[in-house]
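K.L.:
The structure file entry01.tsv (TSV, C-alpha atoms) is provided below.
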chain	number	residue	atom	x	y	z
A	1	MET	CA	-26.91	-134.30	-82.99
A	2	ALA	CA	-26.96	-132.12	-86.08
A	3	ILE	CA	-24.31	-129.40	-86.21
A	4	GLU	CA	-25.59	-126.00	-87.33
A	5	PRO	CA	-25.41	-124.24	-89.68
A	6	GLN	CA	-23.99	-127.13	-91.69
A	7	ALA	CA	-27.08	-129.31	-91.21
A	8	SER	CA	-29.41	-126.62	-92.56
A	9	ILE	CA	-27.35	-125.86	-95.64
A	10	ALA	CA	-26.05	-129.36	-96.39
A	11	SER	CA	-28.70	-129.96	-99.05
A	12	SER	CA	-27.05	-127.25	-101.16
A	13	ALA	CA	-23.79	-129.18	-101.41
A	14	GLU	CA	-25.09	-131.34	-104.24
A	15	HIS	CA	-25.74	-128.31	-106.43
A	16	VAL	CA	-22.51	-126.35	-106.14
A	17	PHE	CA	-20.81	-124.87	-109.18
A	18	ILE	CA	-17.22	-123.66	-108.95
A	19	PRO	CA	-14.94	-121.56	-111.15
A	20	PRO	CA	-13.24	-123.44	-114.01
A	21	SER	CA	-9.82	-124.81	-113.19
A	22	VAL	CA	-8.06	-122.47	-115.60
A	23	PRO	CA	-4.89	-120.53	-114.71
A	24	GLY	CA	-5.73	-116.90	-113.87
A	25	ILE	CA	-9.49	-117.44	-114.07
A	26	THR	CA	-10.07	-114.92	-111.26
A	27	ASP	CA	-8.92	-112.13	-113.58
A	28	ALA	CA	-11.72	-112.90	-116.02
A	29	TYR	CA	-14.41	-112.21	-113.43
A	30	ALA	CA	-13.44	-108.55	-113.04
A	31	PRO	CA	-15.51	-107.28	-116.02
A	32	LEU	CA	-18.53	-109.22	-114.71
A	33	ASP	CA	-18.04	-107.72	-111.23
A	34	GLU	CA	-18.11	-104.25	-112.77
A	35	ALA	CA	-21.12	-104.92	-114.99
A	36	VAL	CA	-23.30	-106.40	-112.24
A	37	ALA	CA	-22.37	-103.64	-109.81
A	38	ALA	CA	-23.10	-100.92	-112.37
A	39	LEU	CA	-26.48	-102.42	-113.29
A	40	MET	CA	-27.48	-102.78	-109.63
A	41	ALA	CA	-26.37	-99.24	-108.87
A	42	GLY	CA	-28.26	-97.92	-111.90
A	43	THR	CA	-25.20	-96.39	-113.58
A	44	ALA	CA	-25.73	-98.90	-116.41
A	45	THR	CA	-29.23	-99.71	-117.62
A	46	ASP	CA	-28.91	-101.97	-120.68
A	47	VAL	CA	-28.60	-105.48	-119.28
A	48	GLN	CA	-27.75	-107.27	-122.53
A	49	ALA	CA	-25.22	-104.69	-123.63
A	50	SER	CA	-23.53	-104.66	-120.22
A	51	LEU	CA	-23.25	-108.44	-120.10
A	52	ASP	CA	-22.02	-108.55	-123.72
A	53	ASP	CA	-19.37	-105.93	-123.04
A	54	ALA	CA	-18.22	-107.75	-119.92
A	55	ALA	CA	-18.04	-111.03	-121.85
A	56	ASN	CA	-15.95	-109.47	-124.61
A	57	ARG	CA	-13.52	-107.98	-122.14
A	58	ALA	CA	-13.34	-111.24	-120.19
A	59	ASN	CA	-12.60	-113.16	-123.39
A	60	GLN	CA	-9.63	-110.88	-124.05
A	61	ILE	CA	-8.37	-111.51	-120.53
A	62	LEU	CA	-8.79	-115.26	-121.00
A	63	ALA	CA	-6.81	-115.11	-124.25
A	64	ASP	CA	-4.05	-113.05	-122.62
A	65	ASN	CA	-3.92	-115.53	-119.74
A	66	ARG	CA	-3.52	-118.45	-122.13
A	67	ASP	CA	-0.52	-116.64	-123.61
A	68	ASN	CA	0.94	-115.93	-120.17
A	69	TYR	CA	0.12	-119.10	-118.26
A	70	GLY	CA	-0.60	-121.73	-120.88
A	71	GLU	CA	-3.49	-124.17	-120.74
A	72	ALA	CA	-4.77	-125.84	-117.58
A	73	PRO	CA	-2.89	-129.07	-116.81
B	74	MET	CA	-34.08	-125.18	-100.93
B	75	PRO	CA	-36.86	-122.63	-100.52
B	76	THR	CA	-38.59	-121.98	-103.84
B	77	GLY	CA	-38.59	-118.66	-105.65
B	78	GLU	CA	-42.31	-118.27	-104.96
B	79	GLU	CA	-41.82	-118.89	-101.23
B	80	PHE	CA	-38.95	-116.45	-101.17
B	81	ALA	CA	-40.90	-113.75	-103.01
B	82	ALA	CA	-43.93	-114.24	-100.76
B	83	VAL	CA	-41.92	-113.85	-97.57
B	84	ALA	CA	-39.78	-110.98	-98.85
B	85	GLY	CA	-42.85	-109.14	-100.06
B	86	ALA	CA	-44.79	-109.74	-96.85
B	87	LEU	CA	-41.94	-108.49	-94.69
B	88	SER	CA	-41.32	-105.38	-96.79
B	89	ASP	CA	-43.34	-102.60	-95.20
B	90	GLY	CA	-42.21	-98.99	-95.20
B	91	ALA	CA	-38.88	-98.83	-93.44
B	92	ASP	CA	-38.61	-102.60	-93.11
B	93	ASN	CA	-37.12	-104.63	-95.94
B	94	GLY	CA	-37.97	-108.29	-96.32
B	95	PHE	CA	-34.84	-108.70	-98.39
B	96	MET	CA	-31.92	-106.36	-98.73
B	97	ILE	CA	-29.39	-106.32	-101.53
B	98	THR	CA	-26.53	-103.98	-102.36
B	99	SER	CA	-24.37	-103.43	-105.42
B	100	GLY	CA	-21.29	-104.68	-103.60
B	101	PHE	CA	-19.92	-108.10	-102.69
B	102	PRO	CA	-21.31	-110.77	-102.99
B	103	ILE	CA	-23.67	-109.43	-105.67
B	104	ARG	CA	-21.69	-111.01	-108.51
B	105	GLN	CA	-21.79	-114.40	-106.79
B	106	ILE	CA	-25.56	-114.01	-106.31
B	107	PHE	CA	-25.86	-113.16	-110.02
B	108	GLU	CA	-23.92	-116.31	-110.89
B	109	MET	CA	-26.14	-118.40	-108.63
B	110	LEU	CA	-29.20	-117.12	-110.51
B	111	LEU	CA	-27.43	-117.53	-113.86
B	112	TYR	CA	-26.86	-121.24	-113.18
B	113	GLN	CA	-30.38	-121.65	-111.74
B	114	PHE	CA	-31.77	-120.30	-115.03
B	115	GLY	CA	-29.72	-122.89	-116.92
B	116	GLY	CA	-26.69	-120.80	-117.85
B	117	ALA	CA	-23.02	-120.85	-116.92
B	118	SER	CA	-20.32	-118.26	-116.33
B	119	PHE	CA	-17.91	-119.80	-118.83
B	120	THR	CA	-17.96	-122.38	-121.59
B	121	GLU	CA	-17.16	-125.89	-120.42
B	122	ASP	CA	-13.54	-125.62	-121.49
B	123	GLY	CA	-13.18	-122.31	-119.64
B	124	ALA	CA	-12.14	-120.63	-122.87
B	125	GLU	CA	-14.88	-118.01	-123.14
B	126	ALA	CA	-17.37	-116.12	-121.00
B	127	ALA	CA	-20.95	-117.37	-121.30
B	128	TRP	CA	-22.91	-115.17	-118.89
B	129	ASN	CA	-24.41	-112.98	-121.64
B	130	GLY	CA	-27.04	-115.45	-122.89
B	131	ASP	CA	-30.75	-115.53	-122.05
B	132	ALA	CA	-30.09	-117.06	-118.63
B	133	GLY	CA	-27.80	-114.17	-117.73
B	134	VAL	CA	-30.41	-111.62	-118.75
B	135	GLN	CA	-33.05	-113.45	-116.69
B	136	ALA	CA	-30.71	-113.60	-113.71
B	137	MET	CA	-29.90	-109.91	-113.90
B	138	ASN	CA	-33.55	-108.93	-114.34
B	139	TRP	CA	-34.47	-110.89	-111.20
B	140	LEU	CA	-31.80	-109.04	-109.25
B	141	LEU	CA	-33.01	-105.70	-110.55
B	142	GLN	CA	-36.61	-106.38	-109.50
B	143	ALA	CA	-35.39	-107.62	-106.10
B	144	ARG	CA	-34.41	-104.02	-105.43
B	145	ASP	CA	-38.15	-103.37	-104.93
B	146	TRP	CA	-37.87	-105.23	-101.61
B	147	SER	CA	-34.72	-103.35	-100.70
B	148	GLN	CA	-33.54	-99.72	-100.71
B	149	PRO	CA	-31.53	-97.89	-103.38
B	150	ASN	CA	-27.87	-96.93	-103.06
B	151	LEU	CA	-27.05	-99.16	-100.13
B	152	GLU	CA	-23.40	-99.29	-99.20
B	153	VAL	CA	-21.54	-102.59	-99.14
B	154	ASP	CA	-22.41	-104.71	-96.10
B	155	ALA	CA	-25.50	-102.60	-95.35
B	156	GLU	CA	-27.56	-105.77	-95.56
B	157	LEU	CA	-25.38	-107.50	-92.97
B	158	ASN	CA	-25.79	-104.67	-90.48
B	159	ALA	CA	-29.54	-104.54	-91.07
B	160	PHE	CA	-29.80	-108.31	-90.67
B	161	LYS	CA	-28.01	-108.13	-87.35
B	162	GLY	CA	-30.61	-105.55	-86.32
B	163	GLY	CA	-33.25	-108.20	-87.03
B	164	THR	CA	-35.09	-106.30	-89.77
B	165	VAL	CA	-34.27	-108.05	-93.05
B	166	GLY	CA	-33.54	-111.33	-94.74
B	167	ILE	CA	-30.40	-111.65	-96.86
B	168	VAL	CA	-28.49	-113.91	-99.21
B	169	ASN	CA	-24.83	-114.23	-98.35
B	170	GLY	CA	-22.23	-116.93	-97.89
B	171	ILE	CA	-21.10	-119.39	-95.25
B	172	TRP	CA	-18.18	-117.10	-94.40
B	173	GLN	CA	-20.74	-114.89	-92.63
B	174	THR	CA	-22.33	-117.55	-90.43
B	175	THR	CA	-20.38	-116.72	-87.26
B	176	ASN	CA	-21.11	-113.04	-87.86
B	177	VAL	CA	-24.88	-113.26	-88.29
B	178	THR	CA	-26.10	-116.40	-86.52
B	179	GLY	CA	-25.96	-117.98	-83.10
B	180	ARG	CA	-24.35	-115.89	-80.39
B	181	ALA	CA	-23.44	-113.07	-82.80
B	182	VAL	CA	-27.05	-111.87	-82.85
B	183	GLU	CA	-29.69	-111.33	-80.19
B	184	PHE	CA	-32.42	-113.13	-82.07
B	185	ASN	CA	-32.62	-116.74	-83.22
B	186	GLY	CA	-30.65	-116.07	-86.41
B	187	GLN	CA	-30.33	-119.14	-88.55
B	188	ALA	CA	-28.80	-120.11	-91.84
B	189	THR	CA	-30.62	-122.00	-94.54
B	190	ALA	CA	-29.99	-123.10	-98.09
B	191	VAL	CA	-30.22	-120.45	-100.81
B	192	PRO	CA	-33.63	-120.19	-102.51
B	193	GLN	CA	-34.18	-121.85	-105.88
B	194	ILE	CA	-35.38	-118.92	-107.95
B	195	GLY	CA	-34.81	-120.52	-111.35
B	196	PRO	CA	-35.87	-123.94	-112.63
B	197	GLN	CA	-32.62	-125.62	-111.54
B	198	PRO	CA	-31.01	-125.76	-108.11
B	199	ALA	CA	-27.56	-124.17	-108.00
B	200	VAL	CA	-25.35	-122.46	-105.45
B	201	TRP	CA	-22.04	-120.67	-105.87
B	202	GLY	CA	-18.98	-122.33	-104.39
B	203	GLY	CA	-15.33	-121.42	-104.12
B	204	SER	CA	-12.38	-121.69	-101.81
B	205	HIS	CA	-9.09	-120.15	-100.87
B	206	GLN	CA	-6.05	-122.30	-101.41
B	207	LEU	CA	-2.55	-121.74	-100.08
B	208	THR	CA	-0.25	-124.35	-101.56
B	209	LEU	CA	3.44	-124.87	-101.01
B	210	PRO	CA	4.61	-127.38	-103.61
B	211	THR	CA	7.66	-129.50	-102.95
B	212	GLN	CA	10.70	-128.63	-104.99
B	213	ALA	CA	12.42	-131.12	-107.25
B	214	GLU	CA	15.74	-129.48	-106.28
B	215	PRO	CA	15.29	-127.88	-102.83
B	216	ASP	CA	16.86	-124.44	-102.45
B	217	PRO	CA	17.76	-123.52	-98.82
B	218	CYS	CA	17.10	-119.82	-99.44
B	219	LYS	CA	13.63	-120.42	-100.86
B	220	ASP	CA	12.99	-122.89	-98.08
B	221	ALA	CA	13.79	-120.22	-95.48
B	222	ALA	CA	11.57	-117.72	-97.27
B	223	ALA	CA	8.69	-120.18	-97.25
B	224	ARG	CA	8.76	-120.62	-93.46
B	225	PRO	CA	6.72	-117.44	-92.69
B	226	VAL	CA	4.19	-118.66	-95.24
B	227	HIS	CA	4.02	-121.97	-93.41
B	228	GLN	CA	3.37	-120.13	-90.16
B	229	LEU	CA	0.60	-118.18	-91.84
B	230	SER	CA	-1.11	-121.31	-93.05
B	231	ALA	CA	-0.69	-123.05	-89.69
B	232	ARG	CA	-3.15	-120.69	-88.04
B	233	GLN	CA	-6.85	-120.11	-88.59
B	234	LEU	CA	-6.91	-116.67	-90.23
B	235	GLY	CA	-10.37	-115.94	-91.42
B	236	HIS	CA	-10.71	-117.78	-94.68
B	237	LEU	CA	-7.39	-119.62	-94.33
B	238	GLY	CA	-7.91	-123.01	-92.75
B	239	GLN	CA	-5.35	-125.35	-91.36
B	240	SER	CA	-4.04	-128.42	-93.07
B	241	ARG	CA	-1.15	-129.69	-91.00
B	242	THR	CA	-0.94	-132.94	-92.87
B	243	VAL	CA	-0.21	-130.95	-96.02
B	244	THR	CA	2.13	-128.30	-94.56
B	245	GLY	CA	3.61	-130.17	-91.61
Could you write out this file's structure as structure tokens?
P.N.:
Amino acid sequence: MAIEPQASIASSAEHVFIPPSVPGITDAYAPLDEAVAALMAGTATDVQASLDDAANRANQILADNRDNYGEAP
Amino acid sequence: MPTGEEFAAVAGALSDGADNGFMITSGFPIRQIFEMLLYQFGGASFTEDGAEAAWNGDAGVQAMNWLLQARDWSQPNLEVDAELNAFKGGTVGIVNGIWQTTNVTGRAVEFNGQATAVPQIGPQPAVWGGSHQLTLPTQAEPDPCKDAAARPVHQLSARQLGHLGQSRTVTG
């Protein structure tokens, strides 16, 4: 007997993407969180510029993390 | 996975005045939904080595534009979790994660609420995944003080606390 909801969503399991295994990677998502929320709320309207800005800020965080935590093992 | 066309057809058909075929807010998990679309449009959040962000290419713009037009099925300025409450009232469809299944399906709702795979809006199938990990590594030189401090953490991980699952073989 199929167990729900697992049976209905099992087909998705083959197409999962996960965050990179990099120390402190969660920190680098914060600028993206802010950009997506602002665009959805309408407080930001330029999609490309918002995503570019978030990427630049995330890259700085990634660089700082490499200094603090080193590379992934 | 339902296709983007199927999803749009149903969401549009169910959107009528006060009813929303699909509801979306600007709060969690909107960034995860963006990432799902980003990957479906052939992009990625980071470069393969995890060294740089990569969400600002064409795929990211396509993903964001889809989300922005999805607001046509929804309502503006919805507070976080508004879609969950509306779904439980039986008036909308939503995209959320497996952490919500006990909250919005089965006995939690009065209708036959069911979960299904996320729709494939872009040309490639993709779905966001992640997990919570609580790890207590063994120490090369055990310290009794640190050992004692770790015991409450062990107790925490030994119970089912929302997202924290049990793994007795690891912590036992």
K.L.:
Could you please tell me, as a ChimeraX atom specification, which residues of chain A have an atom within 9 Å of chain B when using all atoms listed in the file?
P.N.:
/A:4-22,25,28-29,32-42,47-56,58-60,62-63,66
K.L.:
State, in Å with one decimal place, the distance from atom CA of A:Asn65 to atom CA of A:Pro23.
P.N.:
7.2 Å
K.L.:
Would you mind listing what lies within 8 Å of B:Ala132 as a VMD selection string, with all atoms listed in the file counted and same-chain residues fewer than 5 positions away left out?
P.N.:
chain B and resid 111 to 112 114 to 116
K.L.:
Would you put the residues from that selection into a file with C-alpha atoms, as a PDB file, in the coordinates of the input?
P.N.:
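Result saved to part_13.pdb:
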ATOM      1  CA  LEU B 111     -27.430-117.530-113.860  1.00  0.00           C
ATOM      2  CA  TYR B 112     -26.860-121.240-113.180  1.00  0.00           C
ATOM      3  CA  PHE B 114     -31.770-120.300-115.030  1.00  0.00           C
ATOM      4  CA  GLY B 115     -29.720-122.890-116.920  1.00  0.00           C
ATOM      5  CA  GLY B 116     -26.690-120.800-117.850  1.00  0.00           C
TER       6      GLY B 116
END
K.L.:
Using all atoms of stretch 20-38 of chain A that appear in the file, construct an axis-aligned enclosing box with 6 Å of padding on every side and provide its centre coordinates and edge lengths in Å, rounded to one decimal, as AutoDock Vina command-line options.
P.N.:
--center_x -14.1 --center_y -112.9 --center_z -112.9 --size_x 30.4 --size_y 35.9 --size_z 18.2
K.L.:
Between atom CA of A:Pro31 and atom CA of A:Asp64, measure the distance and give it in Å to one decimal.
P.N.:
14.4 Å
K.L.:
Atom CA of B:Ala223 and atom CA of B:Thr211, how far apart in Å?
P.N.:
11.0 Å
